[in-house]
file start25.txt (compact mmCIF, C-alpha atoms)
# COMPACT_ATOMS: atom_id res chain seq x y z
CA MET A 291 45.27 4.72 -27.68
CA LYS A 292 44.26 1.52 -25.95
CA LYS A 293 43.32 0.01 -29.29
CA ASN A 294 46.70 0.90 -30.81
CA ILE A 295 48.61 -0.72 -27.96
CA LEU A 296 46.44 -3.79 -28.28
CA PHE A 297 47.08 -3.92 -32.03
CA ILE A 298 50.86 -3.63 -31.64
CA ALA A 299 50.79 -6.22 -28.89
CA MET A 300 48.82 -8.53 -31.14
CA LEU A 301 51.31 -8.09 -33.98
CA LEU A 302 54.18 -8.86 -31.64
CA MET A 303 52.35 -11.87 -30.32
CA VAL A 304 51.65 -13.17 -33.80
CA ASN A 305 55.37 -12.87 -34.62
CA TYR A 306 56.34 -14.77 -31.53
CA ALA A 307 53.63 -17.32 -32.09
CA TRP A 308 55.61 -18.95 -34.88
CA ALA A 309 58.10 -19.99 -32.28
CA GLN A 310 56.10 -20.23 -29.10
CA ASP A 311 52.81 -22.03 -28.77
CA ASP A 312 51.99 -20.79 -25.26
CA LEU A 313 51.90 -17.18 -26.45
CA LEU A 314 49.38 -18.14 -29.10
CA ASP A 315 47.28 -19.60 -26.32
CA MET A 316 47.49 -16.27 -24.49
CA LEU A 317 46.22 -14.50 -27.57
CA LYS A 318 43.25 -16.82 -27.70
CA ALA A 319 42.54 -16.17 -24.05
CA GLU A 320 42.53 -12.43 -24.73
CA ASN A 321 39.75 -12.84 -27.30
CA THR A 322 37.48 -14.79 -25.00
CA VAL A 323 37.08 -12.06 -22.35
CA SER A 324 33.55 -10.69 -22.51
CA SER A 325 32.66 -7.06 -21.88
CA PRO A 326 29.46 -5.62 -20.41
CA VAL A 327 26.74 -4.44 -22.78
CA LEU A 328 26.04 -0.79 -21.97
CA ALA A 329 23.27 1.68 -22.83
CA THR A 330 20.47 -0.82 -23.38
CA PHE A 331 18.03 2.06 -22.88
CA LYS A 332 18.60 5.81 -22.84
CA GLY A 333 17.29 6.45 -19.36
CA THR A 334 16.30 4.78 -16.11
CA ARG A 335 12.81 4.29 -17.52
CA ILE A 336 11.61 3.15 -20.93
CA ILE A 337 8.62 5.50 -20.81
CA THR A 338 7.01 5.44 -17.37
CA GLY A 339 8.07 1.96 -16.27
CA GLN A 340 11.60 1.23 -15.19
CA SER A 341 14.29 0.05 -17.59
CA ASN A 342 17.35 -1.95 -16.57
CA GLU A 343 19.51 1.20 -16.50
CA ASN A 344 20.84 2.61 -13.24
CA ILE A 345 22.34 5.94 -12.33
CA ALA A 346 26.13 5.70 -12.03
CA LYS A 347 27.81 5.69 -8.64
CA LYS A 348 27.71 9.06 -6.83
CA HIS A 349 25.45 10.56 -9.47
CA LEU A 350 22.09 12.15 -8.78
CA ASN A 351 19.36 12.17 -11.37
CA PHE A 352 16.60 14.75 -11.16
CA LEU A 353 13.44 13.83 -13.04
CA ILE A 354 10.42 15.95 -13.86
CA LEU A 355 7.50 13.95 -15.21
CA HIS A 356 4.25 15.40 -16.53
CA ARG A 357 1.05 13.79 -17.74
CA PHE A 358 -1.66 16.06 -19.10
CA GLY A 359 -5.44 15.73 -19.38
CA GLU A 360 -7.16 13.17 -21.57
CA LEU A 361 -7.35 14.25 -25.19
CA LYS A 362 -11.06 13.37 -25.37
CA ASP A 363 -11.98 15.79 -22.54
CA ASP A 364 -11.76 19.02 -24.51
CA ALA A 365 -11.19 20.25 -28.03
CA TRP A 366 -7.40 20.23 -28.44
CA TYR A 367 -7.13 24.03 -28.61
CA TYR A 368 -9.39 24.58 -25.59
CA SER A 369 -7.05 22.99 -23.05
CA LEU A 370 -4.04 22.88 -25.43
CA LEU A 371 -3.87 19.07 -25.70
CA GLY A 372 -4.81 18.68 -22.03
CA ILE A 373 -1.95 20.80 -20.68
CA ASP A 374 -4.40 22.76 -18.49
CA ALA A 375 -5.02 19.59 -16.48
CA ALA A 376 -1.35 18.79 -15.82
CA THR A 377 -0.21 16.34 -13.18
CA VAL A 378 3.39 16.20 -12.06
CA ARG A 379 5.82 13.82 -10.42
CA LEU A 380 9.21 15.01 -9.20
CA ALA A 381 11.83 12.38 -8.50
CA LEU A 382 15.44 12.09 -7.34
CA ASP A 383 17.45 8.93 -8.05
CA TYR A 384 20.90 8.41 -6.57
CA GLY A 385 23.48 5.77 -7.43
CA ILE A 386 25.03 4.44 -4.22
CA THR A 387 27.11 2.03 -6.29
CA ASN A 388 27.04 1.34 -10.00
CA LYS A 389 24.63 -1.50 -9.25
CA LEU A 390 22.48 -0.06 -6.46
CA MET A 391 20.21 2.92 -6.96
CA VAL A 392 17.77 4.47 -4.50
CA GLY A 393 15.11 6.98 -5.29
CA VAL A 394 12.39 9.16 -3.87
CA GLY A 395 9.51 10.68 -5.77
CA ARG A 396 6.38 12.69 -5.22
CA SER A 397 3.27 12.61 -7.40
CA SER A 398 0.55 15.22 -7.41
CA VAL A 399 -2.03 12.49 -8.08
CA ALA A 400 -3.25 11.32 -4.62
CA LYS A 401 -0.26 13.19 -3.12
CA ILE A 402 1.83 10.04 -3.14
CA TYR A 403 5.42 9.96 -1.95
CA ASP A 404 7.31 6.92 -3.19
CA PHE A 405 10.58 5.33 -2.15
CA SER A 406 12.37 2.98 -4.49
CA VAL A 407 15.42 0.76 -4.86
CA LYS A 408 16.84 -0.80 -8.00
CA TYR A 409 19.63 -3.36 -7.99
CA LYS A 410 21.48 -4.84 -10.95
CA LEU A 411 21.63 -8.58 -10.40
CA PHE A 412 23.17 -9.62 -13.72
CA GLN A 413 24.75 -7.62 -16.50
CA GLN A 414 24.41 -8.62 -20.15
CA THR A 415 27.85 -9.28 -21.66
CA SER A 416 29.18 -9.74 -25.17
CA GLY A 417 32.38 -10.32 -27.09
CA GLY A 418 33.64 -13.28 -25.14
CA LYS A 419 33.35 -17.02 -25.36
CA LYS A 420 30.96 -17.24 -22.40
CA ASN A 421 28.52 -14.33 -22.49
CA PHE A 422 25.56 -13.66 -20.26
CA PRO A 423 22.77 -13.12 -22.80
CA ILE A 424 20.41 -10.92 -20.75
CA ALA A 425 20.45 -8.30 -17.99
CA ILE A 426 18.40 -8.82 -14.84
CA SER A 427 17.55 -6.17 -12.25
CA TYR A 428 15.29 -6.00 -9.24
CA TYR A 429 13.12 -2.94 -8.65
CA GLY A 430 11.05 -2.29 -5.55
CA ASN A 431 8.87 0.68 -4.74
CA MET A 432 6.77 1.69 -1.77
CA GLY A 433 4.13 4.40 -2.18
CA LEU A 434 2.68 6.49 0.63
CA ASN A 435 -0.64 8.23 -0.01
CA THR A 436 -0.72 11.48 1.97
CA THR A 437 -4.18 12.86 1.15
CA THR A 438 -6.37 13.57 4.17
CA PHE A 439 -8.49 10.57 5.09
CA ALA A 440 -11.83 10.49 3.30
CA ASP A 441 -13.70 10.14 6.58
CA PRO A 442 -11.73 11.39 9.60
CA THR A 443 -14.37 10.14 12.05
CA ARG A 444 -13.70 6.44 11.48
CA ASP A 445 -10.64 4.45 12.58
CA ASN A 446 -8.02 5.18 9.95
CA TYR A 447 -4.79 3.23 9.77
CA PHE A 448 -1.38 4.38 8.54
CA THR A 449 -0.95 1.05 6.76
CA SER A 450 -4.02 1.81 4.61
CA ARG A 451 -1.95 4.49 2.90
CA LEU A 452 0.78 2.13 1.69
CA ASN A 453 1.15 0.31 -1.59
CA PHE A 454 4.03 -1.71 -2.95
CA CYS A 455 5.54 -2.84 -6.22
CA ASN A 456 8.12 -5.54 -6.90
CA GLN A 457 9.59 -6.04 -10.34
CA LEU A 458 12.09 -8.29 -12.02
CA ILE A 459 13.49 -6.43 -14.99
CA ILE A 460 14.76 -8.77 -17.70
CA SER A 461 16.20 -6.94 -20.68
CA LYS A 462 18.24 -7.66 -23.75
CA LYS A 463 20.01 -5.42 -26.20
CA VAL A 464 19.31 -7.51 -29.29
CA THR A 465 21.17 -5.32 -31.77
CA PRO A 466 22.75 -1.86 -31.26
CA GLY A 467 19.43 -0.37 -32.37
CA ILE A 468 16.90 -2.68 -30.73
CA SER A 469 16.45 -3.32 -27.00
CA LEU A 470 13.65 -5.42 -25.55
CA GLN A 471 12.44 -5.97 -22.00
CA ILE A 472 10.10 -8.26 -20.07
CA THR A 473 9.06 -7.01 -16.65
CA PRO A 474 7.08 -9.35 -14.39
CA THR A 475 5.42 -6.98 -11.92
CA PHE A 476 3.74 -7.63 -8.59
CA VAL A 477 1.68 -4.79 -7.15
CA HIS A 478 0.18 -4.87 -3.67
CA ARG A 479 -2.25 -2.39 -2.14
CA ASN A 480 -2.95 -2.58 1.57
CA LEU A 481 -6.47 -1.19 1.25
CA VAL A 482 -8.91 -1.56 -1.64
CA ALA A 483 -12.51 -0.37 -1.79
CA LYS A 484 -14.64 -3.45 -2.41
CA THR A 485 -14.51 -6.97 -1.00
CA SER A 486 -14.28 -8.27 -4.54
CA ASP A 487 -11.31 -6.03 -5.40
CA PRO A 488 -7.95 -7.80 -5.31
CA ASN A 489 -5.19 -6.38 -3.09
CA ASP A 490 -2.59 -7.98 -5.36
CA VAL A 491 -2.28 -7.41 -9.07
CA ILE A 492 0.21 -9.26 -11.23
CA ALA A 493 1.18 -7.87 -14.62
CA LEU A 494 3.67 -8.79 -17.29
CA GLY A 495 5.30 -5.64 -18.57
CA LEU A 496 6.60 -5.60 -22.11
CA GLY A 497 8.85 -2.89 -23.44
CA GLY A 498 10.89 -2.07 -26.49
CA SER A 499 13.20 0.66 -27.62
CA PHE A 500 14.20 1.22 -31.25
CA LYS A 501 16.90 3.55 -32.47
CA ILE A 502 15.82 6.16 -35.03
CA THR A 503 18.88 8.42 -35.19
CA ARG A 504 21.95 8.83 -32.96
CA SER A 505 20.08 10.90 -30.41
CA THR A 506 16.47 9.75 -30.82
CA ARG A 507 14.70 6.50 -30.10
CA PHE A 508 11.16 5.19 -30.45
CA ASN A 509 9.79 3.43 -27.35
CA ILE A 510 6.75 1.33 -26.60
CA GLU A 511 5.55 -0.05 -23.30
CA TYR A 512 2.60 -2.31 -22.43
CA TYR A 513 1.66 -3.75 -19.04
CA PRO A 514 -1.12 -6.33 -19.49
CA ARG A 515 -2.49 -7.51 -16.16
CA LEU A 516 -2.57 -11.25 -15.59
CA THR A 517 -4.80 -11.03 -12.48
CA GLY A 518 -7.35 -8.52 -11.19
CA ARG A 519 -8.73 -7.70 -14.64
CA ASP A 520 -12.35 -7.54 -13.43
CA GLU A 521 -11.79 -4.77 -10.85
CA LEU A 522 -14.20 -1.91 -11.46
CA ILE A 523 -13.32 1.78 -11.50
CA PRO A 524 -15.13 3.18 -8.38
CA ASN A 525 -18.71 4.32 -9.03
CA THR A 526 -18.70 3.13 -12.64
CA ASN A 527 -19.41 -0.10 -14.47
CA ASN A 528 -16.13 0.07 -16.37
CA ASN A 529 -13.08 -2.05 -15.69
CA PHE A 530 -9.62 -0.59 -15.29
CA GLU A 531 -7.55 -0.64 -18.47
CA ASP A 532 -4.14 -2.08 -19.24
CA TYR A 533 -1.42 0.53 -19.43
CA LEU A 534 -0.05 1.21 -22.91
CA ALA A 535 2.29 4.02 -23.94
CA VAL A 536 4.29 5.00 -26.99
CA GLY A 537 6.92 7.70 -27.06
CA VAL A 538 10.21 9.05 -28.29
CA ASP A 539 13.49 9.81 -26.48
CA ILE A 540 15.36 12.91 -27.53
CA GLU A 541 18.84 13.39 -26.10
CA THR A 542 20.06 16.98 -25.98
CA GLY A 543 23.32 17.76 -24.23
CA GLY A 544 23.05 16.55 -20.65
CA HIS A 545 19.28 16.10 -20.78
CA VAL A 546 17.13 13.21 -21.87
CA PHE A 547 13.74 14.43 -23.02
CA GLN A 548 11.02 11.79 -23.35
CA LEU A 549 7.76 12.64 -25.08
CA MET A 550 4.88 10.19 -24.98
CA PHE A 551 1.21 9.35 -25.33
CA SER A 552 -0.09 7.10 -22.54
CA ASN A 553 -3.48 6.13 -21.12
CA SER A 554 -2.53 6.60 -17.47
CA THR A 555 -2.18 9.68 -15.32
CA TYR A 556 0.03 7.79 -12.88
CA MET A 557 3.80 8.00 -13.09
CA PHE A 558 4.79 5.09 -10.84
CA GLU A 559 4.10 1.35 -11.04
CA GLN A 560 1.38 0.85 -8.39
CA GLY A 561 -0.76 3.42 -10.16
CA PHE A 562 -0.29 2.72 -13.84
CA VAL A 563 -0.35 -1.07 -13.51
CA ALA A 564 -3.49 -1.32 -11.39
CA GLN A 565 -5.38 1.97 -11.80
CA THR A 566 -5.18 3.04 -15.40
CA THR A 567 -8.55 4.39 -16.54
CA GLY A 568 -8.01 5.76 -20.07
CA LYS A 569 -9.19 3.85 -23.14
CA TRP A 570 -6.99 4.11 -26.22
CA SER A 571 -9.98 3.21 -28.39
CA ASP A 572 -11.91 6.38 -27.46
CA PHE A 573 -8.97 8.79 -27.16
CA GLY A 574 -8.65 8.49 -23.38
CA ILE A 575 -4.97 9.14 -23.83
CA ARG A 576 -2.70 11.78 -22.43
CA LEU A 577 0.25 13.68 -23.74
CA GLY A 578 3.19 13.71 -21.36
CA PHE A 579 6.89 14.21 -21.00
CA ASN A 580 9.80 13.21 -18.80
CA LEU A 581 12.80 15.46 -18.41
CA SER A 582 15.90 14.16 -16.70
CA ARG A 583 19.17 15.76 -15.74
CA THR A 584 22.08 14.04 -14.02
CA PHE A 585 24.41 15.73 -11.53
CA SER A 586 27.76 14.26 -10.52
CA PHE A 587 28.95 14.09 -6.93
CA ASP A 588 31.94 11.95 -7.88
CA ASN A 589 34.86 14.20 -6.91
CA GLU A 590 37.51 11.58 -7.71
CA HIS A 591 36.63 11.45 -11.39
CA LYS A 592 35.91 15.14 -11.84
CA LYS A 593 38.40 17.08 -13.88
CA MET B 55 40.24 -5.96 0.05
CA LYS B 56 39.36 -3.53 2.79
CA ILE B 57 37.28 -1.38 0.44
CA SER B 58 35.23 -4.29 -0.85
CA ASN B 59 34.51 -5.36 2.74
CA GLN B 60 33.21 -1.89 3.49
CA ALA B 61 31.08 -1.92 0.39
CA ILE B 62 29.60 -5.28 1.35
CA SER B 63 28.82 -4.18 4.91
CA MET B 64 27.15 -1.03 3.57
CA LYS B 65 25.00 -3.16 1.30
CA ILE B 66 24.01 -5.34 4.25
CA ILE B 67 23.09 -2.30 6.36
CA LEU B 68 21.04 -0.78 3.57
CA SER B 69 19.16 -3.93 2.70
CA THR B 70 18.45 -4.61 6.38
CA LEU B 71 17.05 -1.10 6.79
CA LEU B 72 14.91 -1.45 3.70
CA PHE B 73 13.53 -4.88 4.47
CA GLY B 74 13.09 -3.93 8.11
CA PHE B 75 11.00 -0.96 7.09
CA ILE B 76 8.80 -3.03 4.83
CA VAL B 77 8.37 -5.83 7.38
CA LEU B 78 7.58 -3.40 10.21
CA THR B 79 5.00 -1.42 8.28
CA GLY B 80 3.70 -4.66 6.96
CA CYS B 81 1.61 -5.98 4.20
CA TYR B 82 -2.15 -5.91 4.74
CA TYR B 83 -5.10 -7.32 2.84
CA ASP B 84 -7.78 -4.83 3.93
CA LYS B 85 -11.04 -4.12 2.12
CA GLU B 86 -12.78 -0.83 2.79
CA GLU B 87 -16.22 -2.49 2.72
CA GLN B 88 -15.23 -4.94 5.45
CA LEU B 89 -13.12 -2.53 7.48
CA TYR B 90 -15.89 0.09 7.60
CA PRO B 91 -19.14 -1.84 7.11
CA ASN B 92 -21.31 1.13 8.12
CA SER B 93 -19.90 3.75 5.81
CA GLY B 94 -18.89 1.62 2.87
CA THR B 95 -22.26 0.13 2.04
CA ASN B 96 -24.47 3.22 2.03
CA CYS B 97 -22.65 5.26 -0.64
CA ASN B 98 -25.66 4.66 -2.85
CA ALA B 99 -28.25 5.41 -0.17
CA LEU B 100 -30.53 8.31 -1.04
CA LEU B 101 -30.07 11.16 1.46
CA THR B 102 -31.84 14.47 1.99
CA TYR B 103 -30.28 17.80 2.90
CA ASN B 104 -30.96 17.28 6.57
CA THR B 105 -30.05 13.56 6.77
CA GLY B 106 -26.52 13.87 5.45
CA ILE B 107 -25.98 16.29 2.57
CA LYS B 108 -25.59 19.26 4.93
CA THR B 109 -22.76 17.37 6.69
CA ILE B 110 -20.99 16.77 3.38
CA ILE B 111 -21.43 20.40 2.26
CA ASP B 112 -20.30 21.77 5.63
CA GLY B 113 -17.30 19.46 5.71
CA ASN B 114 -16.16 20.01 2.11
CA CYS B 115 -17.55 23.28 0.72
CA ALA B 116 -18.87 25.62 3.42
CA THR B 117 -15.60 25.53 5.34
CA SER B 118 -14.17 28.69 6.87
CA GLY B 119 -12.90 31.10 4.24
CA CYS B 120 -14.50 29.13 1.40
CA HIS B 121 -18.20 28.89 0.43
CA VAL B 122 -19.58 30.77 3.43
CA SER B 123 -20.97 34.27 3.69
CA GLY B 124 -18.04 36.64 3.25
CA GLY B 125 -15.99 33.88 1.63
CA THR B 126 -15.82 32.71 -1.96
CA SER B 127 -18.99 32.88 -4.03
CA PRO B 128 -21.32 31.00 -3.96
CA ASP B 129 -22.32 30.87 -0.30
CA LEU B 130 -23.38 27.29 0.53
CA THR B 131 -24.40 27.60 4.17
CA THR B 132 -28.17 27.12 3.94
CA TYR B 133 -30.51 24.73 2.13
CA SER B 134 -31.98 27.40 -0.18
CA LEU B 135 -28.51 28.63 -1.19
CA VAL B 136 -27.28 25.07 -1.89
CA LYS B 137 -30.47 24.25 -3.82
CA ALA B 138 -30.00 27.36 -5.98
CA ASN B 139 -26.47 26.24 -6.88
CA THR B 140 -26.95 22.52 -7.59
CA LEU B 141 -25.93 22.94 -11.25
CA ARG B 142 -22.61 24.47 -10.27
CA ILE B 143 -22.10 21.86 -7.56
CA THR B 144 -22.67 19.08 -10.09
CA ALA B 145 -20.26 20.69 -12.54
CA ARG B 146 -17.36 21.18 -10.16
CA ALA B 147 -17.71 18.46 -7.51
CA VAL B 148 -19.27 15.63 -9.54
CA THR B 149 -18.12 16.11 -13.13
CA ILE B 150 -14.80 17.96 -13.07
CA LYS B 151 -13.99 16.81 -9.50
CA ASP B 152 -11.79 19.82 -8.79
CA MET B 153 -13.89 21.00 -5.85
CA PRO B 154 -12.98 21.05 -3.03
CA LYS B 155 -9.55 22.06 -4.23
CA PRO B 156 -7.35 20.51 -5.40
CA SER B 157 -8.60 17.01 -6.08
CA GLY B 158 -12.27 16.81 -5.20
CA MET B 159 -14.08 14.87 -2.47
CA SER B 160 -14.23 11.15 -1.79
CA SER B 161 -15.97 9.00 -4.38
CA CYS B 162 -18.58 8.00 -1.77
CA ASN B 163 -19.49 11.66 -1.13
CA ILE B 164 -19.63 12.35 -4.86
CA THR B 165 -22.10 9.50 -5.34
CA LYS B 166 -24.24 10.75 -2.44
CA LEU B 167 -24.30 14.32 -3.80
CA ASP B 168 -25.01 13.18 -7.34
CA ASN B 169 -27.89 10.94 -6.24
CA TRP B 170 -29.35 13.69 -4.07
CA ILE B 171 -29.28 16.31 -6.85
CA LYS B 172 -30.69 13.88 -9.43
CA ALA B 173 -33.56 13.02 -7.05
CA GLY B 174 -34.54 16.69 -6.84
CA ALA B 175 -32.32 17.97 -4.01
CA LEU B 176 -34.90 17.49 -1.27
CA GLU B 177 -34.61 19.17 2.12
CA ASN B 178 -36.23 16.50 4.29
call {"tool": "encode", "arguments": {"input": "start25.txt", "output": "C-alpha cells"}}
result
Amino acid sequence: MKKNILFIAMLLMVNYAWAQDDLLDMLKAENTVSSPVLATFKGTRIITGQSNENIAKKHLNFLILHRFGELKDDAWYYSLLGIDAATVRLALDYGITNKLMVGVGRSSVAKIYDFSVKYKLFQQTSGGKKNFPIAISYYGNMGLNTTTFADPTRDNYFTSRLNFCNQLIISKKVTPGISLQITPTFVHRNLVAKTSDPNDVIALGLGGSFKITRSTRFNIEYYPRLTGRDELIPNTNNNFEDYLAVGVDIETGGHVFQLMFSNSTYMFEQGFVAQTTGKWSDFGIRLGFNLSRTFSFDNEHKK
Amino acid sequence: MKISNQAISMKIILSTLLFGFIVLTGCYYDKEEQLYPNSGTNCNALLTYNTGIKTIIDGNCATSGCHVSGGTSPDLTTYSLVKANTLRITARAVTIKDMPKPSGMSSCNITKLDNWIKAGALEN
C-alpha cells in the first residue's frame, strides 16, 4: 500500500516537474533518505558470542543454551555425542528500548550468574545519499561465581567471585546473504590462580553469518586472544585454547534454533574467551544448541 | 517532547545504577598465590593420610549422609577403607571430577589426592 502511494505520488511529481523545478528538487530529496539495515544476524548471538542484534522494546527473550561433553571423551554411541555430560545456561534478555537490552543468565558451569547490558550506539543504514556503513554496539557483562569457596577456612572475598567483559560490537551486513562482525573484547577476572596469570585478557572476536536458504544460515565465530596466551590450564602443562565455533541457524515459527560445534563448555564471554580448554585438532569439541523464544509485553502493538 | 525527556531520564538512572554497581564492587587484580601464600604453594606437596588427606576426605567425601557408614557406598571414614578404594577415588574425583557432586573438588585438592595415591597412599 505504502509503495503504491509512493509510486502515484512520484508519477504526479514527475508530471509537475516539467513546470516546477522545486518539486523536482523535492523528489531528489525523497531519494536521499537512508533507512536502517535490519536483521544483520538471526539472533542476539552469532553462536555463543553476542551479535549486534537486540531484543525489541518490551519484548522478553528466553534462551536455553546447551553444550555437551567433548567428542573425544567417549565413543559417540556411549555418551550419545557427549549428551550425557550436558551443561546448561538459561538466560532472559529484555528490551527496555529498541536500543537498550538488559539480560540475566545462569550457567551450570561454576554456577555463574551473569548480568548483561547491550546498547546500540550506531545503526547501519542504506538507501540514502549519506549512509552509515557499519553498526556499532556496546556489550557489558558481569559474572558472579556462586560455588562454595574452595577453602572456607581462609579469608575469602566476595570480589574474588566477580569477572567482567566489555565488548565493542562492530558489524556490517555486506550483502543480504553475508554479515560480518569484528568484536574487540576485554575480559577481566578479579582473582586468578597464579602470579603469572593475567587478570585481563584481550581478544579480537571475528564472526560471520552466511545465508543458505530463507530460514537457515551458516555461522562461524573465532575469538583469538591478543594477550594472555601463555596462561596454563590449572594442574596441566597445556595452554588455554582460542575459542572457535561453527554452526547453523534454523528458524522455525517463533523459535530460532542454533546448532553448533564449539571447543568451549562456557556460554558467556568471560569463560569462552579466557578459559576454553578443548583442542579442535584432537576432537576436543562439543556439540551444542541454543534455543530462543521471544515473548511480547508490548500491549500497544498487540492485536 | 515530554516522552523523550522521560526516556532520557530513565536511561540516566539505569546507567548510573549499572556503573555504580560496577564501581562499588570494584575491579581487583588479585592472584591466589599471593593472596593465600600458605595454601597456594603446597598443592604439589606430598601428604600422607594423617597429614592432610584425611581432612580432604572428611571435608569432601565422608560428609554426613554420603561416604560414611550407613551412607552411600563406599564408606570412606577410615584409612583402611580409603586405601581399599583408591582406584574408585581416582576414577571419580581425579579423572571424571564428578565427585563430590556435582562438579568435583578444588584443583588443589585433586592434585594432593592424585599425588598421594600415586605415591602408594601412605598412612603416615
call {"tool": "closest_residue", "arguments": {"input": "start25.txt", "among": "B:Val122, B:Cys162, B:Cys81, B:Met64", "to": "Arg451 of chain A", "atoms": "all atoms listed in the file"}}
result
B:Cys81
call {"tool": "interface_residues", "arguments": {"input": "start25.txt", "of": "chain B", "to": "chain A", "cutoff": "8 Å", "atoms": "only C-alpha atoms", "output": "VMD selection string"}}
result
chain B and resid 79 to 88 90 157 159 to 161 165
call {"tool": "residues_around", "arguments": {"input": "start25.txt", "residues": "segment 421-430 of chain A", "least_positions_apart": "3", "cutoff": "8 Å", "atoms": "all atoms listed in the file", "output": "list in words"}}
result
Ser324, Gln340, Asn342, Ser406, Val407, Lys408, Tyr409, Lys410, Leu411, Phe412, Gln413, Gln414, Thr415, Ser416, Gly417, Gly418, Phe454, Cys455, Asn456, Gln457, Leu458, Ile459, Ile460, Ser461, Lys462 and Lys463 of chain A
call {"tool": "write_last_selection", "arguments": {"input": "start25.txt", "atoms": "C-alpha atoms", "output": "PDB file, in the frame of the given file"}}
result
ATOM      1  CA  SER A 324      33.550 -10.690 -22.510  1.00  0.00           C
ATOM      2  CA  GLN A 340      11.600   1.230 -15.190  1.00  0.00           C
ATOM      3  CA  ASN A 342      17.350  -1.950 -16.570  1.00  0.00           C
ATOM      4  CA  SER A 406      12.370   2.980  -4.490  1.00  0.00           C
ATOM      5  CA  VAL A 407      15.420   0.760  -4.860  1.00  0.00           C
ATOM      6  CA  LYS A 408      16.840  -0.800  -8.000  1.00  0.00           C
ATOM      7  CA  TYR A 409      19.630  -3.360  -7.990  1.00  0.00           C
ATOM      8  CA  LYS A 410      21.480  -4.840 -10.950  1.00  0.00           C
ATOM      9  CA  LEU A 411      21.630  -8.580 -10.400  1.00  0.00           C
ATOM     10  CA  PHE A 412      23.170  -9.620 -13.720  1.00  0.00           C
ATOM     11  CA  GLN A 413      24.750  -7.620 -16.500  1.00  0.00           C
ATOM     12  CA  GLN A 414      24.410  -8.620 -20.150  1.00  0.00           C
ATOM     13  CA  THR A 415      27.850  -9.280 -21.660  1.00  0.00           C
ATOM     14  CA  SER A 416      29.180  -9.740 -25.170  1.00  0.00           C
ATOM     15  CA  GLY A 417      32.380 -10.320 -27.090  1.00  0.00           C
ATOM     16  CA  GLY A 418      33.640 -13.280 -25.140  1.00  0.00           C
ATOM     17  CA  PHE A 454       4.030  -1.710  -2.950  1.00  0.00           C
ATOM     18  CA  CYS A 455       5.540  -2.840  -6.220  1.00  0.00           C
ATOM     19  CA  ASN A 456       8.120  -5.540  -6.900  1.00  0.00           C
ATOM     20  CA  GLN A 457       9.590  -6.040 -10.340  1.00  0.00           C
ATOM     21  CA  LEU A 458      12.090  -8.290 -12.020  1.00  0.00           C
ATOM     22  CA  ILE A 459      13.490  -6.430 -14.990  1.00  0.00           C
ATOM     23  CA  ILE A 460      14.760  -8.770 -17.700  1.00  0.00           C
ATOM     24  CA  SER A 461      16.200  -6.940 -20.680  1.00  0.00           C
ATOM     25  CA  LYS A 462      18.240  -7.660 -23.750  1.00  0.00           C
ATOM     26  CA  LYS A 463      20.010  -5.420 -26.200  1.00  0.00           C
TER      27      LYS A 463
END
call {"tool": "atom_distance", "arguments": {"input": "start25.txt", "atom1": "atom CA of Phe358 of chain A", "atom2": "atom CA of Ile164 of chain B"}}
result
23.2 Å
call {"tool": "closest_residue", "arguments": {"input": "start25.txt", "among": "A:Leu370, A:Val546, A:Val327, A:Val563", "to": "Arg576 of chain A", "atoms": "all atoms listed in the file"}}
result
A:Leu370
call {"tool": "residues_around", "arguments": {"input": "start25.txt", "residues": "segment 166-177 of chain B", "least_positions_apart": "4", "cutoff": "9 Å", "atoms": "all atoms listed in the file", "output": "number ranges by chain"}}
result
B: 96-107, 110, 133-134, 136-137, 140-141, 143-144, 147-148, 161-162
call {"tool": "atom_distance", "arguments": {"input": "start25.txt", "atom1": "atom CA of Asn351 of chain A", "atom2": "atom CA of Leu470 of chain A"}}
result
23.3 Å
call {"tool": "atom_distance", "arguments": {"input": "start25.txt", "atom1": "atom CA of Arg507 of chain A", "atom2": "atom CA of Val538 of chain A"}}
result
5.5 Å
call {"tool": "residues_around", "arguments": {"input": "start25.txt", "residues": "Arg583 of chain A", "least_positions_apart": "2", "cutoff": "9 Å", "atoms": "only C-alpha atoms", "output": "JSON, numbers by chain"}}
result
{"A": [350, 351, 352, 353, 354, 544, 545, 546, 581, 585]}
call {"tool": "write_last_selection", "arguments": {"input": "start25.txt", "atoms": "C-alpha atoms", "output": "PDB file, keeping the file's coordinate frame"}}
result
ATOM      1  CA  LEU A 350      22.090  12.150  -8.780  1.00  0.00           C
ATOM      2  CA  ASN A 351      19.360  12.170 -11.370  1.00  0.00           C
ATOM      3  CA  PHE A 352      16.600  14.750 -11.160  1.00  0.00           C
ATOM      4  CA  LEU A 353      13.440  13.830 -13.040  1.00  0.00           C
ATOM      5  CA  ILE A 354      10.420  15.950 -13.860  1.00  0.00           C
ATOM      6  CA  GLY A 544      23.050  16.550 -20.650  1.00  0.00           C
ATOM      7  CA  HIS A 545      19.280  16.100 -20.780  1.00  0.00           C
ATOM      8  CA  VAL A 546      17.130  13.210 -21.870  1.00  0.00           C
ATOM      9  CA  LEU A 581      12.800  15.460 -18.410  1.00  0.00           C
ATOM     10  CA  PHE A 585      24.410  15.730 -11.530  1.00  0.00           C
TER      11      PHE A 585
END
call {"tool": "closest_residue", "arguments": {"input": "start25.txt", "among": "A:Leu361, A:Met391, A:Leu434, A:Ile540", "to": "Leu68 of chain B", "atoms": "all atoms listed in the file"}}
result
A:Met391
call {"tool": "residues_around", "arguments": {"input": "start25.txt", "residues": "Leu130 of chain B", "least_positions_apart": "3", "cutoff": "10 Å", "atoms": "all atoms listed in the file", "output": "VMD selection string"}}
result
chain B and resid 108 111 to 112 115 to 117 120 to 123 125 to 127 133 to 139 143
